[in-house]
Amino acid sequence: MTELAPLGLQAITVSLDDTAEAALPWVTEANLTLPTLIDPNMHAAETFGLINVPTTVWFDESGSMVRPPTNAPASDMWKEFSGIDSEVHHEALRAWVHDGTIDREAMTRWSQPDAEDQGRARAHRRIGAHLHRLGDADGARHHFAQAAELAPYDWTIRRGTLPLSGDDPFGEKFFEFVGELIEAGMPSYTE
Amino acid sequence: MPTLIERDLAEIPSLEADGPIEVDAESFASATGWELKPEGLCRGAACVPVKGTDIVNEGSIDVGAFAERLGQSVVVDADRGIVAIGGDPMSRGHGASLADVRLPSVHGGEVDLADFVGKKTLLIAWASW
């Protein structure tokens with residue numbers, strides 16, 4: 001950002017956590033001066049098609065989304081797992097900010113991994129999150145299960161709801177999910 | 001009272017397991033941000049014309065009809081009195097804009113992402129999970 005901000009790039013961060021309390025320790029530790037927003041009702045996630053984190057979305061000067069959501073790890077810790085090279089994203093970002101270089105066809109090529117009904121899955125996830133907040137754990141689990149069935153490769157559902165169900169995001173259910181991803185050829189990851 | 005959930009929540013007068021879900025325009029706007037204007041139902045940078053459709057009846061919004069128009073889905077949990085709308089950018093075609101979204105700040109208050117229009121913007125989505 002120090003390189004690109006003087007060239008006219010601004011950045012905003014959005015946490016897909018369920019509450020500000022969940023996001024705040026991370027924000028505080030990272031000492032972010034960037035806007036730190038939260039998306040507990042998956043509103044930005046739905047509008048911009050976010051199904052995993054960390055993900056970046058680019059908007060041009062008119063506010064239009066110009067590039068499909070990109071899995072963009074900051075480092076290569078996950079490179080072996082995901083097959084994504086973070087430097088590719090950094091280079092593309094530099095080219096866009098410096099020269100306006102952008103693949104205009106990318107948005108029309110954008111497709112998301114197979115989901116029986118992504119919209120329906122998001123509706124179930126919304127109900128589940130609401131019930132969780134009301135203390136209806138059974139109701140929450142029921143709706144999260146429906147969401148998972150409808151959008152099995154959506155990380156905001158398969159992983160993001162684990163803390164809300166009282167499950168360990170690094171536990172058995174997560175590794176079950178990872179197994180499915182690997183078997184399906186890593187469908188969550190796009191260019 | 002039953003609840004409608006989309007990007008926010010609103011209480012609605014009634015909810016049946018079957019049959020149309022009709023919500024007054026004000027409650028619909030509270031829950032979704034889509035406001036009824038002469039041009040139609042508008043949110044952020046978009047307006048959806050409603051004249052000549054079955055979406056609006058005497059100031060009430062037919063939730064199912066509106067969701068269908070946008071290619072979105074409606075899920076009803078009649079036992080618990082909750083209805084939620086869920087969508088996907090794919091179904092609406094491409095063309096999402098910063099101006100379509102308003103989000104809480106982690107420090108409190110709300111931010112209209114339209115405020116960021118004017119410069120190239122990089123949105124970084126993350127989570128503690």
# chains A, B, ... in the order shown; residues from 1 in each chain; ligands from 1
>>> residues_around(residues="B:Arg80", least_positions_apart="5", cutoff="12 Å", atoms="only C-alpha atoms", output="list in words")
Ile127, Gly128, His130, Leu131, Leu134, Asp136, Asp138, Gly139, Ala140 and His143 of chain A; Met1, Pro2, Thr3, Leu4, Leu15, Glu16, Ala17 and Val75 of chain B
>>> write_last_selection(atoms="N, CA and C atoms", output="short mmCIF file (atom, residue, chain, number, x, y, z; two decimals), in the first residue's frame")
data_model
loop_
_atom_site.label_atom_id
_atom_site.label_comp_id
_atom_site.auth_asym_id
_atom_site.auth_seq_id
_atom_site.Cartn_x
_atom_site.Cartn_y
_atom_site.Cartn_z
N ILE A 127 -30.36 -17.30 8.37
CA ILE A 127 -31.27 -17.73 9.43
C ILE A 127 -30.46 -18.39 10.55
N GLY A 128 -29.50 -19.23 10.17
CA GLY A 128 -28.67 -19.89 11.17
C GLY A 128 -27.94 -18.91 12.06
N HIS A 130 -28.73 -15.84 12.71
CA HIS A 130 -29.73 -15.15 13.55
C HIS A 130 -30.14 -16.03 14.73
N LEU A 131 -30.38 -17.30 14.46
CA LEU A 131 -30.78 -18.21 15.53
C LEU A 131 -29.66 -18.41 16.54
N LEU A 134 -29.75 -15.69 18.86
CA LEU A 134 -30.89 -15.80 19.78
C LEU A 134 -30.69 -16.92 20.79
N ASP A 136 -30.56 -20.17 19.94
CA ASP A 136 -31.18 -21.41 19.47
C ASP A 136 -30.13 -22.23 18.71
N ASP A 138 -29.77 -25.51 18.26
CA ASP A 138 -30.28 -26.57 17.37
C ASP A 138 -30.76 -25.98 16.05
N GLY A 139 -31.50 -24.90 16.16
CA GLY A 139 -32.01 -24.22 14.97
C GLY A 139 -30.87 -23.73 14.09
N ALA A 140 -29.86 -23.18 14.73
CA ALA A 140 -28.71 -22.67 13.98
C ALA A 140 -28.03 -23.81 13.23
N HIS A 143 -29.96 -25.04 10.16
CA HIS A 143 -29.87 -24.19 8.97
C HIS A 143 -28.47 -24.17 8.38
N MET B 1 -43.03 -11.54 17.04
CA MET B 1 -43.43 -11.28 15.63
C MET B 1 -42.43 -11.92 14.68
N PRO B 2 -42.90 -12.33 13.52
CA PRO B 2 -41.97 -12.94 12.56
C PRO B 2 -40.92 -11.93 12.09
N THR B 3 -39.84 -12.47 11.59
CA THR B 3 -38.70 -11.66 11.19
C THR B 3 -38.31 -11.91 9.75
N LEU B 4 -38.01 -10.83 9.02
CA LEU B 4 -37.46 -10.92 7.67
C LEU B 4 -35.98 -10.57 7.76
N LEU B 15 -46.45 -14.35 8.95
CA LEU B 15 -45.68 -15.25 8.09
C LEU B 15 -46.37 -16.60 8.05
N GLU B 16 -46.76 -17.03 6.86
CA GLU B 16 -47.35 -18.35 6.72
C GLU B 16 -46.39 -19.26 6.00
N ALA B 17 -46.50 -20.55 6.29
CA ALA B 17 -45.61 -21.53 5.66
C ALA B 17 -45.81 -21.54 4.15
N VAL B 75 -36.05 -18.40 1.83
CA VAL B 75 -36.18 -19.57 2.70
C VAL B 75 -37.07 -19.19 3.88
#
>>> residues_around(residues="stretch 23-35 of chain B", least_positions_apart="4", cutoff="7 Å", atoms="only C-alpha atoms", output="NGL selection string")
:B and (4-12 or 41-43 or 59-62)
>>> write_last_selection(atoms="C-alpha atoms", output="PDB file, in the first residue's frame")
ATOM      1  CA  LEU B   4     -37.459 -10.924   7.673  1.00  0.00           C
ATOM      2  CA  ILE B   5     -33.682 -11.165   7.235  1.00  0.00           C
ATOM      3  CA  GLU B   6     -31.558  -9.975   4.373  1.00  0.00           C
ATOM      4  CA  ARG B   7     -28.716  -7.541   5.011  1.00  0.00           C
ATOM      5  CA  ASP B   8     -30.544  -6.383   8.168  1.00  0.00           C
ATOM      6  CA  LEU B   9     -33.594  -7.534  10.120  1.00  0.00           C
ATOM      7  CA  ALA B  10     -37.142  -6.323  10.334  1.00  0.00           C
ATOM      8  CA  GLU B  11     -40.209  -7.556  12.131  1.00  0.00           C
ATOM      9  CA  ILE B  12     -43.101  -8.327   9.836  1.00  0.00           C
ATOM     10  CA  LEU B  41     -37.368  -0.432  -5.645  1.00  0.00           C
ATOM     11  CA  CYS B  42     -33.970   1.189  -5.274  1.00  0.00           C
ATOM     12  CA  ARG B  43     -30.844   0.334  -3.311  1.00  0.00           C
ATOM     13  CA  GLY B  59     -47.709  -0.412  -0.855  1.00  0.00           C
ATOM     14  CA  SER B  60     -46.856  -3.985   0.135  1.00  0.00           C
ATOM     15  CA  ILE B  61     -43.925  -5.870  -1.325  1.00  0.00           C
ATOM     16  CA  ASP B  62     -44.391  -9.466  -2.457  1.00  0.00           C
TER      17      ASP B  62
END
>>> closest_atom_pairs(of="stretch 51-74 of chain A", to="stretch 45-58 of chain B", cutoff="12 Å", atoms="only C-alpha atoms", output="tab-separated table")
residue	atom	partner	partner_atom	distance
A:Ser62	CA	B:Ala45	CA	10.9
A:Gly63	CA	B:Ala45	CA	9.7
A:Ser64	CA	B:Ala45	CA	10.0
>>> write_last_selection(atoms="N, CA and C atoms", output="CSV table (one decimal), in the first residue's frame")
chain,number,residue,atom,x,y,z
A,62,SER,N,-15.1,4.4,-10.8
A,62,SER,CA,-16.6,4.7,-10.8
A,62,SER,C,-17.3,3.8,-9.8
A,63,GLY,N,-16.5,3.0,-9.1
A,63,GLY,CA,-17.0,2.1,-8.0
A,63,GLY,C,-17.5,0.8,-8.6
A,64,SER,N,-17.2,0.5,-9.8
A,64,SER,CA,-17.6,-0.8,-10.4
A,64,SER,C,-16.6,-1.9,-10.1
>>> atom_distance(atom1="atom CA of B:Trp126", atom2="atom CA of A:Pro54")
4.6 Å
>>> interface_residues(of="chain A", to="chain B", cutoff="6 Å", atoms="only C-alpha atoms", output="PyMOL selection string")
chain A and resi 9-17+20+36-38+41+43+46-47+49+53-65+119-120+122-123
>>> select_by_dssp(residues="chain B", states="strand (DSSP E)", output="tab-separated table (two decimals) with N, CA and C atoms, in the first residue's frame")
chain	number	residue	atom	x	y	z
B	3	THR	N	-39.84	-12.47	11.59
B	3	THR	CA	-38.70	-11.66	11.19
B	3	THR	C	-38.31	-11.91	9.75
B	4	LEU	N	-38.01	-10.83	9.02
B	4	LEU	CA	-37.46	-10.92	7.67
B	4	LEU	C	-35.98	-10.57	7.76
B	5	ILE	N	-35.13	-11.40	7.18
B	5	ILE	CA	-33.68	-11.16	7.24
B	5	ILE	C	-33.12	-11.09	5.83
B	9	LEU	N	-32.39	-6.82	9.68
B	9	LEU	CA	-33.59	-7.53	10.12
B	9	LEU	C	-34.76	-6.58	10.19
B	10	ALA	N	-35.96	-7.12	10.03
B	10	ALA	CA	-37.14	-6.32	10.33
B	10	ALA	C	-38.24	-7.26	10.80
B	11	GLU	N	-39.04	-6.77	11.72
B	11	GLU	CA	-40.21	-7.56	12.13
B	11	GLU	C	-41.29	-7.35	11.09
B	22	GLU	N	-46.09	-11.04	2.10
B	22	GLU	CA	-46.26	-9.61	1.80
B	22	GLU	C	-45.77	-8.80	2.97
B	23	VAL	N	-44.94	-7.84	2.68
B	23	VAL	CA	-44.33	-7.02	3.73
B	23	VAL	C	-44.52	-5.56	3.37
B	24	ASP	N	-44.89	-4.74	4.35
B	24	ASP	CA	-45.05	-3.32	4.06
B	24	ASP	C	-43.71	-2.74	3.60
B	35	GLU	N	-35.65	0.52	-1.20
B	35	GLU	CA	-36.68	1.52	-0.89
B	35	GLU	C	-37.59	1.74	-2.07
B	36	LEU	N	-38.88	1.87	-1.77
B	36	LEU	CA	-39.87	2.07	-2.82
B	36	LEU	C	-39.89	3.54	-3.24
B	37	LYS	N	-39.56	3.76	-4.49
B	37	LYS	CA	-39.55	5.13	-5.04
B	37	LYS	C	-40.35	5.10	-6.33
B	40	GLY	N	-39.11	2.73	-8.82
B	40	GLY	CA	-39.17	1.31	-8.48
B	40	GLY	C	-38.56	1.08	-7.12
B	41	LEU	N	-38.05	-0.13	-6.90
B	41	LEU	CA	-37.37	-0.43	-5.65
B	41	LEU	C	-35.89	-0.16	-5.87
B	42	CYS	N	-35.33	0.72	-5.04
B	42	CYS	CA	-33.97	1.19	-5.27
B	42	CYS	C	-33.07	0.94	-4.07
B	43	ARG	N	-31.85	0.52	-4.37
B	43	ARG	CA	-30.84	0.33	-3.31
B	43	ARG	C	-29.49	0.70	-3.88
B	46	ALA	N	-28.62	0.88	-7.76
B	46	ALA	CA	-29.56	0.15	-8.62
B	46	ALA	C	-31.02	0.46	-8.31
B	47	CYS	N	-31.84	0.46	-9.36
B	47	CYS	CA	-33.29	0.53	-9.19
B	47	CYS	C	-33.92	-0.59	-10.00
B	48	VAL	N	-34.91	-1.23	-9.41
B	48	VAL	CA	-35.64	-2.29	-10.09
B	48	VAL	C	-37.05	-1.79	-10.36
B	56	VAL	N	-45.28	-5.16	-6.27
B	56	VAL	CA	-45.85	-4.24	-5.28
B	56	VAL	C	-47.37	-4.21	-5.41
B	57	ASN	N	-48.06	-4.44	-4.30
B	57	ASN	CA	-49.53	-4.39	-4.27
B	57	ASN	C	-49.96	-3.46	-3.17
B	60	SER	N	-47.48	-2.81	-0.46
B	60	SER	CA	-46.86	-3.99	0.13
B	60	SER	C	-45.98	-4.69	-0.89
B	61	ILE	N	-44.87	-5.19	-0.44
B	61	ILE	CA	-43.93	-5.87	-1.33
B	61	ILE	C	-44.15	-7.37	-1.25
B	62	ASP	N	-44.33	-8.00	-2.40
B	62	ASP	CA	-44.39	-9.47	-2.46
B	62	ASP	C	-42.94	-9.97	-2.49
B	73	SER	N	-33.20	-16.25	-3.79
B	73	SER	CA	-33.99	-17.31	-3.16
B	73	SER	C	-34.58	-16.85	-1.84
B	74	VAL	N	-35.71	-17.45	-1.51
B	74	VAL	CA	-36.37	-17.15	-0.23
B	74	VAL	C	-36.46	-18.44	0.57
B	75	VAL	N	-36.05	-18.40	1.83
B	75	VAL	CA	-36.18	-19.57	2.70
B	75	VAL	C	-37.07	-19.19	3.88
B	76	VAL	N	-38.05	-20.02	4.14
B	76	VAL	CA	-38.99	-19.76	5.24
B	76	VAL	C	-38.83	-20.82	6.31
B	77	ASP	N	-38.65	-20.40	7.55
B	77	ASP	CA	-38.71	-21.30	8.70
B	77	ASP	C	-39.98	-20.90	9.46
B	82	ILE	N	-39.30	-17.13	10.79
B	82	ILE	CA	-38.23	-16.38	10.14
B	82	ILE	C	-38.28	-16.61	8.63
B	83	VAL	N	-38.10	-15.55	7.88
B	83	VAL	CA	-37.93	-15.67	6.44
B	83	VAL	C	-36.68	-14.92	6.04
B	84	ALA	N	-35.88	-15.54	5.19
B	84	ALA	CA	-34.63	-14.90	4.76
B	84	ALA	C	-34.54	-14.92	3.24
B	85	ILE	N	-33.94	-13.88	2.70
B	85	ILE	CA	-33.66	-13.80	1.27
B	85	ILE	C	-32.16	-13.99	1.10
B	86	GLY	N	-31.78	-14.73	0.09
B	86	GLY	CA	-30.35	-14.91	-0.18
B	86	GLY	C	-30.10	-14.86	-1.67
B	102	ARG	N	-23.47	-1.16	2.24
B	102	ARG	CA	-23.32	-0.36	3.45
B	102	ARG	C	-22.96	-1.33	4.55
B	103	LEU	N	-21.91	-1.08	5.32
B	103	LEU	CA	-21.49	-2.03	6.35
B	103	LEU	C	-21.18	-1.36	7.67
B	104	PRO	N	-21.36	-2.07	8.78
B	104	PRO	CA	-20.92	-1.53	10.07
B	104	PRO	C	-19.39	-1.44	10.11
B	110	GLU	N	-21.83	3.13	10.91
B	110	GLU	CA	-22.02	2.47	9.64
B	110	GLU	C	-21.31	3.24	8.54
B	111	VAL	N	-20.82	2.52	7.55
B	111	VAL	CA	-20.10	3.15	6.45
B	111	VAL	C	-20.78	2.80	5.13
B	112	ASP	N	-21.08	3.81	4.34
B	112	ASP	CA	-21.62	3.60	3.01
B	112	ASP	C	-20.43	3.49	2.07
B	120	LYS	N	-9.42	4.17	-7.40
B	120	LYS	CA	-9.34	2.71	-7.46
B	120	LYS	C	-9.38	2.19	-6.03
B	121	THR	N	-10.18	1.16	-5.81
B	121	THR	CA	-10.34	0.63	-4.45
B	121	THR	C	-10.03	-0.86	-4.42
B	122	LEU	N	-9.22	-1.23	-3.43
B	122	LEU	CA	-8.93	-2.63	-3.18
B	122	LEU	C	-9.67	-3.03	-1.92
B	123	LEU	N	-10.60	-3.96	-2.03
B	123	LEU	CA	-11.32	-4.45	-0.87
B	123	LEU	C	-10.67	-5.77	-0.45
B	124	ILE	N	-10.27	-5.85	0.81
B	124	ILE	CA	-9.62	-7.05	1.33
B	124	ILE	C	-10.57	-7.71	2.32
B	125	ALA	N	-11.07	-8.87	1.99
B	125	ALA	CA	-11.96	-9.60	2.88
B	125	ALA	C	-11.15	-10.61	3.66
B	126	TRP	N	-11.41	-10.70	4.97
B	126	TRP	CA	-10.66	-11.62	5.83
B	126	TRP	C	-11.61	-12.10	6.93
>>> atom_distance(atom1="atom CA of A:Thr70", atom2="atom CA of A:Ala106")
11.0 Å
>>> atom_distance(atom1="atom CA of A:Arg159", atom2="atom CA of B:Asp79")
26.9 Å
>>> closest_residue(among="A:Ala145, A:Leu162, A:Leu34, A:Leu24", to="A:Ala121", atoms="only C-alpha atoms")
A:Ala145
>>> closest_residue(among="A:Leu164, A:Val66, A:Leu93, A:Met1", to="A:Ala129", atoms="only C-alpha atoms")
A:Leu164
